[in-house]
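Here's the structure, in structure tokens; my notes come after.
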Amino acid sequence: MMDSIPGVEAKSLRKGAKSMHKLRRKVSSASKTILLEKGWLFVMVGFLLGRAVILSVVSPFAVAFLATIWFAHKENTFKVMLAIIAGALSFSGTQGLFVSLAMITFVFLAGLFKKVNNQQIAIPLFVFLSTIAPRLFLYSIAGQLSSYEWMLLIVEGVLGTVLVLIFMQSIPLLSPKKYKPTLKNEEIVCMIILIASILTGTIGWEVYDASFEQIFSRYFVLILAFVGGSAVGSTVGVVAGLILSLANVANLYQMSLLAFSGLLGGLLKEGKKTGVSVGLLVGTFLVGIYGDASSLVPSLIESTTAIVLFFLTPASWFKRLSRYIPGTEEYTNEQEQYLQKVRNVTAKRVEQFSDVFEALSKSFTNAQETPQEDMDRKRETDFFLSQVTEKTCQGCFMKNKCWQQQFDKTYSLMENLKDELEEGKEPNRKLHRDFANHCVKSKKVIDAMQEEMSFFEANQKLKKQVMESKRFVADQLQGVSDVMDNFAKEILKERQQHENQEIQIVHALKQMGIDLDKLDIFRLDKGNVDIEMTVSFYDYHGEAAKLIAPVLSDILNEMIIVKQEEISPFPNGLCYLAFGSAKEFVIETGVANAAKGGGLISGDSFTTIELGTGKYAMAISDGMGNGKRAHEESDETLRLLQQILQTGIQEKVAIKSINSILSLRSTDEMYATLDLAVINLHNAFVSFLKIGSTPSFIKRGQEMRKIEASNLPMGIIQEFDVDIVSEQLMAEDILIMMSDGIFDGPKHVENTDIWLKRKIRDMHTDDPQEMADLLLEEVVRTRSGAIEDDMTVMVAKIKKNTPKWASIPVYGKEAQ
């Protein structure tokens with residue numbers, strides 16, 4: 001016989017495995033269709049609940065289950081009704097008679113009032129009546145009712161009413177059409193009650209003295225303790241044990257066995273299936289030694305059988321069930337996937353809005369010099385000259401000679417005249433003489449051009465204003481687009497792979513004896529590090545700032561600090577730590593101000609703003625005039641500035657936006673100056689934006705530098721260019737900003753610049769608050785204590801940010 005070819009064998013095996021997998025999927029799909037969609041699962045459950053009896057004579061399960069099927073799956077009502085009757089008859093004839101009468105009563109009431117609103121409220125009432133009426137009829141036939149029978153009758157009706165409410169929450173979970181991706185704790189408990197009620201129908205079924213209800217109740221305890229832990233396991237044990245003990249009082253001790261086994265199995269779930277099974281065996285032994293010795297062996301058989309079924313259960317079932325139990329890893333992953341989806345959708349929408357604003361910005365953007373503008377200028381010149389010639393050349397006898405025979409020369413001369421007049425000056429002598437020699441009505445033409453020039457300049461000014469407005473709107477739209485784009489990137493912040501740094505950090509912390517549970521590196525950009533970790537400490541003593549941050553500083557070669565820490569109050573508890581880049585520089589500020597005449601309300605306002613992008617802003621605004629009105633205007637300017645800057649919009653665009661708001665908001669003359677300094681805390685680079693404000697000074701040792709710019713106050717005109725003055729600061733530099741009350745305040749001082757520089761240079765302190773107080777006092781003294789105007793001075797000292805704890809080179813350079 002020929003040997004088979006190995007490649008053919010492998011291929012045939014793969015095909016066989018694939019076909020078997022398809023077959024299993026088809027069988028699984030077919031069984032799911034038969035059991036769930038065709039309603040046969042409800043039929044089996046109905047048969048068992050028809051047999052379910054508690055307290056020997058009470059049977060509230062059958063009618064409650066039928067009512068739930070009527071409400072949720074009305075198409076399966078007839079099949080379920082027959083199954084319940086069959087189950088009841090298999091228990092006893094009396095049980096079958098009672099269940100049949102109760103269901104007929106319910107169907108009659110439900111059909112009679114099927115058009116009543118709020119069926120969720122009506123159906124439990126129908127169940128109560130349907131349970132009490134047949135039982136009352138049967139008791140009355142047997143003889144006079146005793147008080148005990150009255151009590152059982154009421155208890156049965158109340159239990160049926162409660163069970164229908166419970167089944168309404170648990171039955172829909174069996175249907176794939178209405179199944180939810182997550183389960184609430186209440187739904188889990190309702191599902192457990194349904195399962196325990198179903199197991200009650202198996203009472204009396206035994207194999208070698210081992211009860212079916214005990215085997216399956218312990219099996220379900222094992223499954224849920226393994227999936228949900230001790231909390232869910234003990235809950236299942238208590239509920240199942242209580243219901244089963246009501247069905248058979250002899251099984252009362254089983255509640256203790258199931259509850260303790262569920263608790264112990266959940267605590268031992270780290271040992272996988274073996275650990276949970278050991279928990280059940282230990283619970284069986286401990287509870288069994290208190291009972292009859294003859295019942296210990298059957299109890300062990302029941303537990304062993306449940307364990308065998310537990311080990312035979314496919315792992316995919318546990319994984320699928322774990323997705324719906326809160327607290328499990330699968331449930332957490334399911335929630336994270338949902339949040340990831342929501343985050344991605346949100347970020348995509350934000351990016352789309354960003355693209356829209358960017359497109360709008362581009363539609364408003366116009367290049368400075370384009371061929372289209374040259375054509376427009378040529379067209380405007382033609383229109384201007386046509387207006388002039390209409391007034392002067394139409395009735396001239398030299399018209400044909402000038403505009404037909406010498407068109408180019410005439411046009412060139414008049415265009416040059418127009419250019420001269422447009423610049424606001426008289427035509428030069430040569431041009432005037434050449435035009436006079438060429439045109440017989442040169443004076444009349446020049447007068448007409450001067451008259452028309454006023455209209456031309458007005459049109460040009462209007463056009464320029466429109467262009468400026470377009471540029472301003474384009475800048476604002478582009479600023480909003482940039483902010484939204486950055487926001488979308490922040491939403492999509494993902495855990496990035498930095499294997500080398502991860503290895504170094506884990507190794508370093510391990511050498512120091514720190515138990516690292518989880519490490520997430522989101523970003524390692526210079527000056528923008530973002531690291532999160534979960535660490536276990538027996539007794540926390542600030543190791544995050546004292547040890548971990550210095551180690552990260554050495555590994556990443558930049559200063560790292562603790563941004564956030566959540567410390568567990570328990571020994572060996574998990575602590576959450578977040579680390580980020582420290583600022584290279586810090587700002588220490590001082591402010592001194594005084595109102596005019598020593599009043600309470602100053603027209604000056606000031607603020608300091610910590611921006612989230614590693615920037616620090618200082619601003620002074622001086623409202624026009626003094627008192628409450630000026631204060632409101634300056635305060636409004638700074639409030640708008642802070643709100644706009646904190647959104648991430650660039651400073652220049654922010655100031656233009658504020659100016660537009662102030663100039664358009666009211667017809668009243670409400671103006672304000674603005675003196676803004678934005679300091680980058682990573683490199684000490686400062687940008688000054690001065691709108692109608694006074695100069696500022698930088699003191700570096702004994703050297704003094706003056707910073708100034710020329711812009712009108714805000715709100716006066718709608719369009720203006722913002723001049724930005726930039727400087728590089730150094731550690732220990734001192735920045736002094738002031739309002740005009742300080743700068744123009746000194747009396748009998750010819751050169752204020754020199755006087756202020758000398759006063760600042762001669763101060764024997766570098767404390768910002770002391771310097772601000774001294775400078776204000778010096779200005780007031782020059783006026784013999786009189787305060788002629790609102791005065792504000794802000795002083796800031798730039799300091800190198802020195803960490804409290806130096807970096808620790810634990811990892812070593814050779815490992816890098």
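Each chain of the structure tokens is named A, B, ... in the order shown, its residues numbered from 1; ligands are numbered from 1 in display order.
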
- Fewer than 6 positions away in the same chain doesn't count, so skip those; otherwise give me all residues within 10 Å of Ile123 (chain A), counting only C-alpha atoms, as a PyMOL selection string. chain A and resi 64+67-68+70-71+106+109-110+113-114+129+161+164-165

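Nearest-residue note for Met559 (chain A): choosing from A:Ile808, A:Ala684, A:Ile736, A:Ala617, the minimum distance belongs to A:Ile808, counting only C-alpha atoms.
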
- Task: Could you jot down the CA of Glu426 (chain A) to CA of Gln450 (chain A) separation for me, Å, one decimal place?
- Result: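 So the two atoms, CA of Glu426 (chain A) and CA of Gln450 (chain A), lie 9.7 Å apart.
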
As a check of understanding: the span from CA of Gly623 (chain A) to CA of Phe743 (chain A) is 15.6 Å

Find the spatial neighbours of Lys799 (chain A), counting only C-alpha atoms, within a cut-off of 12 Å - ignore same-chain residues fewer than 5 positions away - and output them as a PyMOL selection string.
chain A and resi 583-589+681-684+729-735+766-768

Distance query Ile69 (chain A) at most 10 Å, only C-alpha atoms, self and fewer than 5 positions along chain excluded, as a PyMOL selection string: chain A and resi 42+46+63-64+74-78+80-81+164+167-168+171-172

**Request:** Would you list the contacts of Leu101 (chain A) as a VMD selection string, taking every protein, DNA or RNA residue within 6 Å and counting only C-alpha atoms, but skipping same-chain residues closer than 3 positions in sequence?
**Result:** chain A and resid 98 104 134

* **Residues within 12 Å of Val227 (chain A), only C-alpha atoms, excluding chain neighbours under 3 positions, as a count of residues only** => 38

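Residues surrounding Leu138 (chain A) within 12 Å are Thr94, Gln95, Leu97, Phe98, Val99, Leu101, Ala102, Thr131, Ile132, Ala133, Gly143, Gln144, Leu145, Glu149 and Leu153 of chain A [only C-alpha atoms; sequence separation below 5 positions excluded].
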
Residue with the minimum atom-to-atom distance to Gly241 (chain A), picked from A:Ile195, A:Val207, A:Leu645, A:Cys396 with only C-alpha atoms counted, is A:Ile195

From a DSSP pass on the backbone, collect the residues of region 13-240 of chain A flagged as helix (DSSP H, G or I) and hand them back as a ChimeraX atom specification.
-> /A:13-37,40-51,61-72,74-91,93-112,119-142,147-174,185-200,212-240

Between CA of Gly625 (chain A) and CA of Thr673 (chain A), what is the distance, to one decimal in Å?
->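 Rounded to one decimal, the two atoms are 11.3 Å apart.
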
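Note that DSSP on the backbone gives strand (DSSP E) to these residues of region 184-289 of chain A: A:Glu206, A:Val207, A:Ala210, A:Ser211.
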